[in-house]
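The structure file structure.cif is reproduced below (mmCIF, N, CA and C atoms).
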data_input
#
loop_
_atom_site.label_atom_id
_atom_site.label_comp_id
_atom_site.auth_asym_id
_atom_site.auth_seq_id
_atom_site.Cartn_x
_atom_site.Cartn_y
_atom_site.Cartn_z
N PHE A 1 56.71 88.19 42.83
CA PHE A 1 56.42 87.44 44.04
C PHE A 1 54.98 86.98 43.99
N PHE A 2 54.62 86.08 44.89
CA PHE A 2 53.25 85.60 45.01
C PHE A 2 53.00 85.25 46.48
N VAL A 3 51.74 85.30 46.88
CA VAL A 3 51.36 85.00 48.25
C VAL A 3 51.24 83.49 48.42
N VAL A 4 51.73 82.99 49.54
CA VAL A 4 51.63 81.56 49.87
C VAL A 4 50.77 81.40 51.11
N ASP A 5 50.32 80.17 51.33
CA ASP A 5 49.39 79.88 52.42
C ASP A 5 50.06 79.75 53.78
N ASP A 6 51.33 79.33 53.79
CA ASP A 6 52.01 79.11 55.07
C ASP A 6 53.52 79.23 54.88
N ALA A 7 54.26 79.08 55.98
CA ALA A 7 55.71 79.28 55.96
C ALA A 7 56.45 78.22 55.16
N THR A 8 55.80 77.13 54.80
CA THR A 8 56.45 76.11 53.97
C THR A 8 56.26 76.39 52.49
N GLY A 9 55.48 77.42 52.14
CA GLY A 9 55.28 77.81 50.75
C GLY A 9 54.10 77.16 50.07
N THR A 10 53.25 76.50 50.82
CA THR A 10 52.10 75.82 50.25
C THR A 10 51.17 76.80 49.53
N ILE A 11 50.65 76.34 48.38
CA ILE A 11 49.62 77.08 47.64
C ILE A 11 48.49 76.11 47.35
N GLY A 12 47.34 76.33 47.96
CA GLY A 12 46.18 75.48 47.71
C GLY A 12 46.46 74.00 47.92
N GLY A 13 47.25 73.66 48.92
CA GLY A 13 47.57 72.27 49.22
C GLY A 13 48.79 71.73 48.48
N LEU A 14 49.35 72.48 47.55
CA LEU A 14 50.54 72.06 46.82
C LEU A 14 51.79 72.60 47.52
N VAL A 15 52.79 71.75 47.68
CA VAL A 15 54.04 72.18 48.29
C VAL A 15 55.08 72.46 47.21
N PRO A 16 56.06 73.33 47.48
CA PRO A 16 57.08 73.62 46.48
C PRO A 16 57.74 72.34 45.96
N GLY A 17 57.87 72.26 44.65
CA GLY A 17 58.47 71.11 44.00
C GLY A 17 57.49 70.04 43.58
N SER A 18 56.26 70.13 44.06
CA SER A 18 55.28 69.11 43.68
C SER A 18 54.70 69.44 42.31
N PRO A 19 54.20 68.40 41.60
CA PRO A 19 53.60 68.65 40.28
C PRO A 19 52.47 69.68 40.38
N GLY A 20 52.51 70.67 39.51
CA GLY A 20 51.49 71.70 39.47
C GLY A 20 51.78 72.92 40.32
N TYR A 21 52.81 72.84 41.18
CA TYR A 21 53.10 73.96 42.07
C TYR A 21 53.48 75.22 41.29
N LEU A 22 54.41 75.07 40.36
CA LEU A 22 54.86 76.23 39.60
C LEU A 22 53.72 76.86 38.82
N GLN A 23 52.88 76.05 38.22
CA GLN A 23 51.73 76.57 37.48
C GLN A 23 50.78 77.31 38.41
N ALA A 24 50.56 76.76 39.62
CA ALA A 24 49.69 77.42 40.59
C ALA A 24 50.29 78.77 41.02
N ALA A 25 51.60 78.79 41.23
CA ALA A 25 52.26 80.03 41.65
C ALA A 25 52.16 81.10 40.57
N LEU A 26 52.44 80.71 39.33
CA LEU A 26 52.46 81.70 38.25
C LEU A 26 51.06 82.11 37.79
N ALA A 27 50.07 81.28 38.09
CA ALA A 27 48.70 81.61 37.74
C ALA A 27 47.96 82.31 38.88
N SER A 28 48.61 82.44 40.02
CA SER A 28 47.98 83.02 41.19
C SER A 28 47.55 84.46 40.94
N SER A 29 46.38 84.80 41.42
CA SER A 29 45.90 86.18 41.30
C SER A 29 46.72 87.11 42.19
N THR A 30 47.51 86.55 43.10
CA THR A 30 48.35 87.36 43.99
C THR A 30 49.73 87.63 43.40
N ARG A 31 50.05 87.00 42.29
CA ARG A 31 51.38 87.16 41.69
C ARG A 31 51.55 88.58 41.16
N GLN A 32 52.69 89.17 41.47
CA GLN A 32 53.02 90.49 40.97
C GLN A 32 54.41 90.46 40.33
N VAL A 33 54.53 91.05 39.17
CA VAL A 33 55.82 91.20 38.51
C VAL A 33 56.42 92.52 38.99
N ILE A 34 57.61 92.45 39.51
CA ILE A 34 58.25 93.65 40.02
C ILE A 34 59.15 94.27 38.97
N PHE A 35 59.98 93.45 38.34
CA PHE A 35 60.89 93.95 37.32
C PHE A 35 60.76 93.11 36.07
N ASN A 36 60.97 93.77 34.94
CA ASN A 36 60.96 93.10 33.65
C ASN A 36 62.35 93.17 33.04
N ASP A 37 62.64 92.21 32.16
CA ASP A 37 63.90 92.22 31.44
C ASP A 37 64.03 93.56 30.72
N GLY A 38 65.16 94.18 30.85
CA GLY A 38 65.38 95.47 30.20
C GLY A 38 65.17 96.67 31.10
N ASP A 39 64.58 96.47 32.29
CA ASP A 39 64.46 97.59 33.22
C ASP A 39 65.87 98.04 33.61
N PRO A 40 66.13 99.34 33.61
CA PRO A 40 67.48 99.81 33.95
C PRO A 40 67.80 99.60 35.43
N VAL A 41 69.09 99.48 35.72
CA VAL A 41 69.54 99.39 37.11
C VAL A 41 69.03 100.63 37.83
N GLY A 42 68.54 100.45 39.03
CA GLY A 42 68.01 101.56 39.81
C GLY A 42 66.52 101.76 39.66
N THR A 43 65.86 100.93 38.83
CA THR A 43 64.40 101.03 38.69
C THR A 43 63.76 100.83 40.05
N GLU A 44 62.79 101.67 40.38
CA GLU A 44 62.10 101.58 41.66
C GLU A 44 60.64 101.25 41.44
N ARG A 45 60.09 100.47 42.34
CA ARG A 45 58.67 100.13 42.33
C ARG A 45 58.15 100.27 43.77
N THR A 46 56.91 100.68 43.90
CA THR A 46 56.23 100.71 45.19
C THR A 46 55.13 99.67 45.13
N LEU A 47 55.14 98.77 46.10
CA LEU A 47 54.18 97.68 46.12
C LEU A 47 53.39 97.70 47.42
N GLN A 48 52.14 97.33 47.32
CA GLN A 48 51.30 97.18 48.50
C GLN A 48 51.12 95.69 48.76
N ILE A 49 51.52 95.26 49.93
CA ILE A 49 51.37 93.87 50.33
C ILE A 49 50.53 93.87 51.60
N PRO A 50 49.46 93.07 51.62
CA PRO A 50 48.61 93.05 52.82
C PRO A 50 49.40 92.65 54.06
N GLY A 51 49.16 93.33 55.16
CA GLY A 51 49.81 92.98 56.41
C GLY A 51 49.55 91.53 56.77
N GLY A 52 50.59 90.85 57.21
CA GLY A 52 50.47 89.46 57.61
C GLY A 52 50.59 88.46 56.47
N ALA A 53 50.63 88.95 55.22
CA ALA A 53 50.74 88.05 54.07
C ALA A 53 52.13 87.42 54.05
N LEU A 54 52.19 86.17 53.66
CA LEU A 54 53.46 85.48 53.45
C LEU A 54 53.70 85.43 51.96
N ILE A 55 54.87 85.89 51.54
CA ILE A 55 55.14 85.92 50.10
C ILE A 55 56.34 85.04 49.77
N ALA A 56 56.35 84.57 48.54
CA ALA A 56 57.47 83.81 47.99
C ALA A 56 57.98 84.57 46.78
N TRP A 57 59.23 84.42 46.51
CA TRP A 57 59.87 85.11 45.39
C TRP A 57 60.15 84.13 44.28
N TYR A 58 60.10 84.61 43.06
CA TYR A 58 60.53 83.81 41.92
C TYR A 58 61.31 84.70 40.97
N TYR A 59 62.17 84.07 40.21
CA TYR A 59 62.98 84.77 39.22
C TYR A 59 63.12 83.85 38.02
N ILE A 60 62.87 84.39 36.84
CA ILE A 60 63.00 83.63 35.59
C ILE A 60 64.09 84.31 34.77
N PRO A 61 65.34 83.84 34.91
CA PRO A 61 66.42 84.47 34.15
C PRO A 61 66.18 84.30 32.64
N ASN A 62 66.29 85.39 31.92
CA ASN A 62 66.15 85.36 30.46
C ASN A 62 64.80 84.83 29.99
N GLY A 63 63.76 85.11 30.74
CA GLY A 63 62.44 84.65 30.33
C GLY A 63 61.34 85.34 31.10
N THR A 64 60.12 84.95 30.77
CA THR A 64 58.93 85.48 31.44
C THR A 64 58.09 84.30 31.91
N ALA A 65 57.09 84.59 32.71
CA ALA A 65 56.18 83.53 33.15
C ALA A 65 55.51 82.87 31.94
N ALA A 66 55.11 83.68 30.97
CA ALA A 66 54.45 83.13 29.78
C ALA A 66 55.39 82.23 28.99
N SER A 67 56.65 82.66 28.80
CA SER A 67 57.58 81.83 28.04
C SER A 67 57.93 80.55 28.79
N LEU A 68 58.03 80.64 30.10
CA LEU A 68 58.31 79.44 30.91
C LEU A 68 57.17 78.44 30.79
N LEU A 69 55.95 78.91 30.97
CA LEU A 69 54.79 78.00 30.91
C LEU A 69 54.62 77.40 29.52
N ALA A 70 55.01 78.13 28.47
CA ALA A 70 54.90 77.61 27.11
C ALA A 70 56.02 76.63 26.77
N SER A 71 57.24 76.90 27.25
CA SER A 71 58.40 76.10 26.84
C SER A 71 58.89 75.09 27.86
N ASN A 72 58.65 75.36 29.13
CA ASN A 72 59.20 74.51 30.18
C ASN A 72 58.30 74.48 31.41
N PRO A 73 57.04 74.06 31.26
CA PRO A 73 56.11 74.09 32.40
C PRO A 73 56.50 73.17 33.55
N SER A 74 57.34 72.17 33.29
CA SER A 74 57.77 71.28 34.37
C SER A 74 59.04 71.79 35.06
N ASN A 75 59.58 72.94 34.60
CA ASN A 75 60.78 73.54 35.17
C ASN A 75 61.97 72.59 35.10
N ASP A 76 62.11 71.92 33.98
CA ASP A 76 63.20 70.98 33.73
C ASP A 76 64.51 71.75 33.64
N PRO A 77 65.54 71.36 34.40
CA PRO A 77 66.80 72.10 34.38
C PRO A 77 67.53 72.04 33.04
N ASP A 78 67.16 71.11 32.16
CA ASP A 78 67.81 70.99 30.86
C ASP A 78 67.14 71.84 29.78
N LEU A 79 66.06 72.53 30.14
CA LEU A 79 65.33 73.36 29.18
C LEU A 79 65.41 74.82 29.60
N ASP A 80 65.05 75.70 28.69
CA ASP A 80 65.01 77.13 28.97
C ASP A 80 63.63 77.66 28.66
N PRO A 81 63.19 78.67 29.36
CA PRO A 81 63.79 79.22 30.57
C PRO A 81 63.47 78.35 31.78
N ILE A 82 64.04 78.71 32.91
CA ILE A 82 63.76 78.04 34.17
C ILE A 82 63.24 79.07 35.16
N ALA A 83 62.58 78.59 36.20
CA ALA A 83 62.15 79.46 37.30
C ALA A 83 62.91 79.07 38.55
N LEU A 84 63.41 80.06 39.24
CA LEU A 84 64.05 79.87 40.54
C LEU A 84 63.11 80.41 41.59
N LEU A 85 62.91 79.64 42.65
CA LEU A 85 61.97 80.04 43.69
C LEU A 85 62.66 80.19 45.02
N SER A 86 62.08 81.02 45.88
CA SER A 86 62.67 81.25 47.19
C SER A 86 62.49 80.06 48.12
N PHE A 87 61.67 79.10 47.75
CA PHE A 87 61.60 77.83 48.46
C PHE A 87 62.45 76.86 47.66
N ASP A 88 63.56 76.40 48.24
CA ASP A 88 64.56 75.63 47.51
C ASP A 88 63.97 74.47 46.72
N ALA A 89 63.03 73.75 47.29
CA ALA A 89 62.44 72.58 46.62
C ALA A 89 61.73 72.96 45.32
N GLY A 90 61.39 74.22 45.15
CA GLY A 90 60.70 74.65 43.94
C GLY A 90 61.62 74.94 42.77
N SER A 91 62.92 75.05 43.03
CA SER A 91 63.88 75.31 41.95
C SER A 91 64.31 73.99 41.32
N PRO A 92 64.69 74.01 40.04
CA PRO A 92 65.02 72.76 39.34
C PRO A 92 66.17 71.97 39.98
N ASP A 93 67.10 72.65 40.65
CA ASP A 93 68.21 71.95 41.29
C ASP A 93 68.00 71.77 42.80
N SER A 94 66.82 72.16 43.28
CA SER A 94 66.47 72.07 44.72
C SER A 94 67.49 72.76 45.61
N ALA A 95 68.14 73.77 45.07
CA ALA A 95 69.18 74.49 45.81
C ALA A 95 68.70 75.87 46.21
N GLU A 96 69.43 76.48 47.14
CA GLU A 96 69.14 77.83 47.59
C GLU A 96 69.53 78.82 46.50
N HIS A 97 68.60 79.71 46.15
CA HIS A 97 68.87 80.74 45.15
C HIS A 97 68.55 82.14 45.66
N PHE A 98 67.97 82.26 46.84
CA PHE A 98 67.59 83.55 47.42
C PHE A 98 68.14 83.64 48.83
N ARG A 99 68.77 84.78 49.14
CA ARG A 99 69.26 85.03 50.50
C ARG A 99 68.88 86.44 50.91
N TRP A 100 68.49 86.56 52.17
CA TRP A 100 68.14 87.86 52.75
C TRP A 100 69.30 88.39 53.57
N TYR A 101 69.49 89.70 53.48
CA TYR A 101 70.43 90.39 54.35
C TYR A 101 69.72 91.59 54.92
N GLY A 102 69.81 91.76 56.23
CA GLY A 102 69.14 92.88 56.89
C GLY A 102 70.12 93.75 57.62
N PRO A 103 69.60 94.72 58.35
CA PRO A 103 70.45 95.70 59.01
C PRO A 103 71.35 95.08 60.08
N ASN A 104 71.00 93.92 60.60
CA ASN A 104 71.82 93.29 61.63
C ASN A 104 72.88 92.38 61.05
N ARG A 105 72.88 92.22 59.73
CA ARG A 105 73.85 91.34 59.07
C ARG A 105 74.80 92.20 58.26
N ARG A 106 76.00 92.32 58.70
CA ARG A 106 77.00 93.10 57.99
C ARG A 106 78.14 92.15 57.58
N GLY A 107 78.69 92.38 56.44
CA GLY A 107 79.82 91.59 55.99
C GLY A 107 80.47 92.26 54.81
N TRP A 108 81.52 91.69 54.31
CA TRP A 108 82.25 92.29 53.20
C TRP A 108 81.40 92.40 51.95
N HIS A 109 80.41 91.55 51.80
CA HIS A 109 79.58 91.54 50.59
C HIS A 109 78.23 92.21 50.81
N THR A 110 77.96 92.72 51.99
CA THR A 110 76.69 93.39 52.24
C THR A 110 76.96 94.84 52.61
N PRO A 111 76.46 95.78 51.82
CA PRO A 111 76.72 97.19 52.10
C PRO A 111 75.96 97.66 53.33
N ALA A 112 76.34 98.81 53.83
CA ALA A 112 75.62 99.41 54.94
C ALA A 112 74.21 99.78 54.49
N PHE A 113 73.28 99.71 55.40
CA PHE A 113 71.89 100.01 55.08
C PHE A 113 71.53 101.39 55.57
N ASP A 114 70.56 102.01 54.88
CA ASP A 114 70.17 103.37 55.23
C ASP A 114 69.30 103.45 56.47
N SER A 115 68.54 102.40 56.75
CA SER A 115 67.67 102.44 57.92
C SER A 115 67.54 101.05 58.49
N GLU A 116 66.98 100.99 59.67
CA GLU A 116 66.78 99.69 60.31
C GLU A 116 65.67 98.88 59.64
N ASN A 117 64.96 99.46 58.69
CA ASN A 117 63.87 98.77 58.02
C ASN A 117 64.25 98.23 56.64
N ASP A 118 65.49 98.43 56.21
CA ASP A 118 65.89 98.00 54.88
C ASP A 118 66.31 96.54 54.87
N LEU A 119 66.04 95.89 53.75
CA LEU A 119 66.46 94.52 53.51
C LEU A 119 67.09 94.46 52.13
N GLN A 120 67.92 93.47 51.92
CA GLN A 120 68.41 93.18 50.58
C GLN A 120 68.13 91.72 50.29
N LEU A 121 67.67 91.48 49.08
CA LEU A 121 67.44 90.13 48.59
C LEU A 121 68.50 89.88 47.54
N HIS A 122 69.37 88.90 47.78
CA HIS A 122 70.42 88.53 46.85
C HIS A 122 70.01 87.25 46.15
N VAL A 123 70.18 87.22 44.82
CA VAL A 123 69.73 86.08 44.03
C VAL A 123 70.90 85.48 43.26
N LEU A 124 70.97 84.17 43.31
CA LEU A 124 71.92 83.38 42.52
C LEU A 124 71.14 82.85 41.33
N ASP A 125 71.49 83.25 40.11
CA ASP A 125 70.64 82.91 38.96
C ASP A 125 71.12 81.74 38.11
N ASN A 126 72.12 81.00 38.58
CA ASN A 126 72.60 79.85 37.84
C ASN A 126 72.32 78.56 38.59
N LEU A 127 71.95 77.53 37.85
CA LEU A 127 71.75 76.22 38.46
C LEU A 127 73.09 75.59 38.79
N PHE A 128 73.13 74.86 39.87
CA PHE A 128 74.31 74.10 40.28
C PHE A 128 75.56 74.99 40.36
N ALA A 129 75.39 76.23 40.76
CA ALA A 129 76.49 77.20 40.78
C ALA A 129 77.12 77.26 42.17
N ASN A 130 78.19 78.03 42.25
CA ASN A 130 78.86 78.28 43.51
C ASN A 130 77.86 78.94 44.45
N ARG A 131 77.54 78.27 45.51
CA ARG A 131 76.49 78.78 46.40
C ARG A 131 76.89 80.04 47.16
N TRP A 132 78.09 80.55 46.95
CA TRP A 132 78.50 81.78 47.62
C TRP A 132 78.43 82.97 46.68
N ALA A 133 78.01 82.76 45.44
CA ALA A 133 77.97 83.84 44.44
C ALA A 133 76.58 84.45 44.32
N PHE A 134 76.03 84.92 45.41
CA PHE A 134 74.69 85.49 45.41
C PHE A 134 74.72 86.97 45.03
N ASP A 135 75.25 87.27 43.84
CA ASP A 135 75.33 88.66 43.43
C ASP A 135 74.82 88.85 42.00
N ASP A 136 74.07 87.87 41.48
CA ASP A 136 73.56 87.99 40.12
C ASP A 136 72.43 89.00 40.03
N LEU A 137 71.65 89.10 41.07
CA LEU A 137 70.56 90.07 41.15
C LEU A 137 70.46 90.49 42.61
N ILE A 138 70.48 91.79 42.85
CA ILE A 138 70.36 92.30 44.22
C ILE A 138 69.22 93.29 44.24
N VAL A 139 68.25 93.06 45.12
CA VAL A 139 67.08 93.91 45.24
C VAL A 139 67.10 94.57 46.61
N ASP A 140 67.11 95.89 46.65
CA ASP A 140 67.00 96.63 47.90
C ASP A 140 65.52 96.82 48.21
N ILE A 141 65.14 96.51 49.45
CA ILE A 141 63.75 96.63 49.86
C ILE A 141 63.69 97.55 51.07
N SER A 142 62.93 98.62 50.94
CA SER A 142 62.73 99.55 52.05
C SER A 142 61.29 99.48 52.48
N MET A 143 61.08 99.38 53.77
CA MET A 143 59.72 99.33 54.30
C MET A 143 59.48 100.57 55.13
N PRO A 144 58.26 101.10 55.09
CA PRO A 144 57.98 102.29 55.89
C PRO A 144 58.15 102.00 57.38
N SER A 145 58.56 103.02 58.10
CA SER A 145 58.76 102.87 59.56
C SER A 145 57.43 102.75 60.24
#
Can the structure from this file be put into structure tokens for me?
Amino acid sequence: FFVVDDATGTIGGLVPGSPGYLQAALASSTRQVIFNDGDPVGTERTLQIPGGALIAWYYIPNGTAASLLASNPSNDPDLDPIALLSFDAGSPDSAEHFRWYGPNRRGWHTPAFDSENDLQLHVLDNLFANRWAFDDLIVDISMPS
């Protein structure tokens, strides 16, 4: 994830999808890698995020920030790897790839939560895919009470 300036995802005057946005996001001193390729299911991380900070999520299926910037810095959907961002305009297909589910949202595809502070982030990792298949990556997020 990385910190953004406002609720529209702006970074230093750049909006998601604009030239240079992806490079600014991945070069940000606020960017943190949570999981790496090969981490086993169930890997846990504890992160400190400043109160009031607005964050954006990114996911690079089958790649890293370094490989993306070297091979596909324009995030072209016809090249690999690609970056998917939580701001739809930042993804190569301008589609939704991240969905939040919280304790007040229950459904057949969302499990029960352990506390009222838990969230789940569901990620769709394919371009131009069935927009209801948000089960490619699921991240459980627990926040202290």
Of the candidates A:Ser18, A:Ser86, A:Thr46, A:Ser94, which shows the shortest atom-to-atom distance to Ile34 (chain A), using only C-alpha atoms?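 Residue with the minimum atom-to-atom distance to Ile34 (chain A): A:Thr46.
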Take CA of Val123 (chain A) and atom C of Glu96 (chain A) and report the distance between them in Å, one decimal.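 Atom C of Glu96 (chain A) lies at a distance of 7.7 Å from CA of Val123 (chain A).
In this model, the gap between atom N of Phe2 (chain A) and atom N of Pro19 (chain A) comes to 18.0 Å.
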Residues picked by the PyMOL selection byres (((chain A and resi 47 and name CA) around 12) and name CA) here, as a list of chain:residue names?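 This file, filtered by the PyMOL selection byres (((chain A and resi 47 and name CA) around 12) and name CA), leaves A:Phe1, A:Arg31, A:Gln32, A:Val33, A:Ile34, A:Phe35, A:Glu44, A:Arg45, A:Thr46, A:Gln48, A:Ile49, A:Pro50, A:Ile141, A:Ser142, A:Met143, A:Pro144.
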Restricting the calculation to only C-alpha atoms, which member of A:Asn126, A:Gln120, A:Thr10, A:Ser28 is positioned closest to Ile60 (chain A)?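 Checking each of A:Asn126, A:Gln120, A:Thr10, A:Ser28 against Ile60 (chain A), counting only C-alpha atoms, the winner is A:Asn126.
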Work out how far CA of Ile11 (chain A) is from CA of Ala65 (chain A), in Å to one decimal. 17.2 Å
Looking at A:Asp37, A:Asp78, A:Asp140, A:Asp5, which one is nearest to Ala56 (chain A), with distances taken over all atoms listed in the file?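 That would be A:Asp5, the residue with the smallest distance to Ala56 (chain A).
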Identify all residues satisfying the PyMOL selection byres ((chain A and resi 97-99) around 8) in the given file; provide them as a list in words. Leu84, Leu85, Ser86, Phe87, Asp88, Ser91, Ser94, Ala95, Glu96, Trp100, Tyr101, Gly102, Gln120, Leu121, His122, Val123, Leu124, Asp125, Asn126, Arg131 and Phe134 of chain A
Let me see the file: selected residues, N, CA and C atoms, as a JSON list (two decimals), in the coordinates of the input.
[["chain", "number", "residue", "atom", "x", "y", "z"],
["A", 84, "LEU", "N", 63.41, 80.06, 39.24],
["A", 84, "LEU", "CA", 64.05, 79.87, 40.54],
["A", 84, "LEU", "C", 63.11, 80.41, 41.59],
["A", 85, "LEU", "N", 62.91, 79.64, 42.65],
["A", 85, "LEU", "CA", 61.97, 80.04, 43.69],
["A", 85, "LEU", "C", 62.66, 80.19, 45.02],
["A", 86, "SER", "N", 62.08, 81.02, 45.88],
["A", 86, "SER", "CA", 62.67, 81.25, 47.19],
["A", 86, "SER", "C", 62.49, 80.06, 48.12],
["A", 87, "PHE", "N", 61.67, 79.10, 47.75],
["A", 87, "PHE", "CA", 61.60, 77.83, 48.46],
["A", 87, "PHE", "C", 62.45, 76.86, 47.66],
["A", 88, "ASP", "N", 63.56, 76.40, 48.24],
["A", 88, "ASP", "CA", 64.56, 75.63, 47.51],
["A", 88, "ASP", "C", 63.97, 74.47, 46.72],
["A", 91, "SER", "N", 62.92, 75.05, 43.03],
["A", 91, "SER", "CA", 63.88, 75.31, 41.95],
["A", 91, "SER", "C", 64.31, 73.99, 41.32],
["A", 94, "SER", "N", 66.82, 72.16, 43.28],
["A", 94, "SER", "CA", 66.47, 72.07, 44.72],
["A", 94, "SER", "C", 67.49, 72.76, 45.61],
["A", 95, "ALA", "N", 68.14, 73.77, 45.07],
["A", 95, "ALA", "CA", 69.18, 74.49, 45.81],
["A", 95, "ALA", "C", 68.70, 75.87, 46.21],
["A", 96, "GLU", "N", 69.43, 76.48, 47.14],
["A", 96, "GLU", "CA", 69.14, 77.83, 47.59],
["A", 96, "GLU", "C", 69.53, 78.82, 46.50],
["A", 100, "TRP", "N", 68.49, 86.56, 52.17],
["A", 100, "TRP", "CA", 68.14, 87.86, 52.75],
["A", 100, "TRP", "C", 69.30, 88.39, 53.57],
["A", 101, "TYR", "N", 69.49, 89.70, 53.48],
["A", 101, "TYR", "CA", 70.43, 90.39, 54.35],
["A", 101, "TYR", "C", 69.72, 91.59, 54.92],
["A", 102, "GLY", "N", 69.81, 91.76, 56.23],
["A", 102, "GLY", "CA", 69.14, 92.88, 56.89],
["A", 102, "GLY", "C", 70.12, 93.75, 57.62],
["A", 120, "GLN", "N", 67.92, 93.47, 51.92],
["A", 120, "GLN", "CA", 68.41, 93.18, 50.58],
["A", 120, "GLN", "C", 68.13, 91.72, 50.29],
["A", 121, "LEU", "N", 67.67, 91.48, 49.08],
["A", 121, "LEU", "CA", 67.44, 90.13, 48.59],
["A", 121, "LEU", "C", 68.50, 89.88, 47.54],
["A", 122, "HIS", "N", 69.37, 88.90, 47.78],
["A", 122, "HIS", "CA", 70.42, 88.53, 46.85],
["A", 122, "HIS", "C", 70.01, 87.25, 46.15],
["A", 123, "VAL", "N", 70.18, 87.22, 44.82],
["A", 123, "VAL", "CA", 69.73, 86.08, 44.03],
["A", 123, "VAL", "C", 70.90, 85.48, 43.26],
["A", 124, "LEU", "N", 70.97, 84.17, 43.31],
["A", 124, "LEU", "CA", 71.92, 83.38, 42.52],
["A", 124, "LEU", "C", 71.14, 82.85, 41.33],
["A", 125, "ASP", "N", 71.49, 83.25, 40.11],
["A", 125, "ASP", "CA", 70.64, 82.91, 38.96],
["A", 125, "ASP", "C", 71.12, 81.74, 38.11],
["A", 126, "ASN", "N", 72.12, 81.00, 38.58],
["A", 126, "ASN", "CA", 72.60, 79.85, 37.84],
["A", 126, "ASN", "C", 72.32, 78.56, 38.59],
["A", 131, "ARG", "N", 77.54, 78.27, 45.51],
["A", 131, "ARG", "CA", 76.49, 78.78, 46.40],
["A", 131, "ARG", "C", 76.89, 80.04, 47.16],
["A", 134, "PHE", "N", 76.03, 84.92, 45.41],
["A", 134, "PHE", "CA", 74.69, 85.49, 45.41],
["A", 134, "PHE", "C", 74.72, 86.97, 45.03]]
If you take every atom of region 25-41 of chain A that the file lists and fit an axis-aligned box around them with 3 Å extra on each side, what centre and edge lengths come out in Å to one decimal, as lines of an AutoDock Vina configuration file?
center_x = 57.7
center_y = 89.7
center_z = 37.1
size_x = 29.6
size_y = 27.8
size_z = 19.8
Enumerate the residues of region 25-134 of chain A with a DSSP assignment of strand (DSSP E or B), computed from the backbone, and present them as a VMD selection string. chain A and resid 54 to 56 58 to 59 84 to 85 98 to 101 107 110 118 to 123
Those residues with N, CA and C atoms, as an mmCIF file, keeping the file's coordinate frame please?
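Result written to part-v8.cif:
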data_model
loop_
_atom_site.group_PDB
_atom_site.id
_atom_site.type_symbol
_atom_site.label_atom_id
_atom_site.label_comp_id
_atom_site.auth_asym_id
_atom_site.auth_seq_id
_atom_site.Cartn_x
_atom_site.Cartn_y
_atom_site.Cartn_z
ATOM 1 N N LEU A 54 52.190 86.170 53.660
ATOM 2 C CA LEU A 54 53.460 85.480 53.450
ATOM 3 C C LEU A 54 53.700 85.430 51.960
ATOM 4 N N ILE A 55 54.870 85.890 51.540
ATOM 5 C CA ILE A 55 55.140 85.920 50.100
ATOM 6 C C ILE A 55 56.340 85.040 49.770
ATOM 7 N N ALA A 56 56.350 84.570 48.540
ATOM 8 C CA ALA A 56 57.470 83.810 47.990
ATOM 9 C C ALA A 56 57.980 84.570 46.780
ATOM 10 N N TYR A 58 60.100 84.610 43.060
ATOM 11 C CA TYR A 58 60.530 83.810 41.920
ATOM 12 C C TYR A 58 61.310 84.700 40.970
ATOM 13 N N TYR A 59 62.170 84.070 40.210
ATOM 14 C CA TYR A 59 62.980 84.770 39.220
ATOM 15 C C TYR A 59 63.120 83.850 38.020
ATOM 16 N N LEU A 84 63.410 80.060 39.240
ATOM 17 C CA LEU A 84 64.050 79.870 40.540
ATOM 18 C C LEU A 84 63.110 80.410 41.590
ATOM 19 N N LEU A 85 62.910 79.640 42.650
ATOM 20 C CA LEU A 85 61.970 80.040 43.690
ATOM 21 C C LEU A 85 62.660 80.190 45.020
ATOM 22 N N PHE A 98 67.970 82.260 46.840
ATOM 23 C CA PHE A 98 67.590 83.550 47.420
ATOM 24 C C PHE A 98 68.140 83.640 48.830
ATOM 25 N N ARG A 99 68.770 84.780 49.140
ATOM 26 C CA ARG A 99 69.260 85.030 50.500
ATOM 27 C C ARG A 99 68.880 86.440 50.910
ATOM 28 N N TRP A 100 68.490 86.560 52.170
ATOM 29 C CA TRP A 100 68.140 87.860 52.750
ATOM 30 C C TRP A 100 69.300 88.390 53.570
ATOM 31 N N TYR A 101 69.490 89.700 53.480
ATOM 32 C CA TYR A 101 70.430 90.390 54.350
ATOM 33 C C TYR A 101 69.720 91.590 54.920
ATOM 34 N N GLY A 107 78.690 92.380 56.440
ATOM 35 C CA GLY A 107 79.820 91.590 55.990
ATOM 36 C C GLY A 107 80.470 92.260 54.810
ATOM 37 N N THR A 110 77.960 92.720 51.990
ATOM 38 C CA THR A 110 76.690 93.390 52.240
ATOM 39 C C THR A 110 76.960 94.840 52.610
ATOM 40 N N ASP A 118 65.490 98.430 56.210
ATOM 41 C CA ASP A 118 65.890 98.000 54.880
ATOM 42 C C ASP A 118 66.310 96.540 54.870
ATOM 43 N N LEU A 119 66.040 95.890 53.750
ATOM 44 C CA LEU A 119 66.460 94.520 53.510
ATOM 45 C C LEU A 119 67.090 94.460 52.130
ATOM 46 N N GLN A 120 67.920 93.470 51.920
ATOM 47 C CA GLN A 120 68.410 93.180 50.580
ATOM 48 C C GLN A 120 68.130 91.720 50.290
ATOM 49 N N LEU A 121 67.670 91.480 49.080
ATOM 50 C CA LEU A 121 67.440 90.130 48.590
ATOM 51 C C LEU A 121 68.500 89.880 47.540
ATOM 52 N N HIS A 122 69.370 88.900 47.780
ATOM 53 C CA HIS A 122 70.420 88.530 46.850
ATOM 54 C C HIS A 122 70.010 87.250 46.150
ATOM 55 N N VAL A 123 70.180 87.220 44.820
ATOM 56 C CA VAL A 123 69.730 86.080 44.030
ATOM 57 C C VAL A 123 70.900 85.480 43.260
#
Would you please work out which residue, of A:Leu68, A:Ile82, A:Val4, A:Ala24, is nearest to Ile55 (chain A) when using all atoms listed in the file?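 Going through A:Leu68, A:Ile82, A:Val4, A:Ala24 one by one, the smallest distance to Ile55 (chain A) is for A:Val4.
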Neighbour list for Ser71 (chain A) as number ranges by chain, cut-off 6 Å, all atoms listed in the file, skip fewer than 5 positions in-chain: A: 66, 80-81
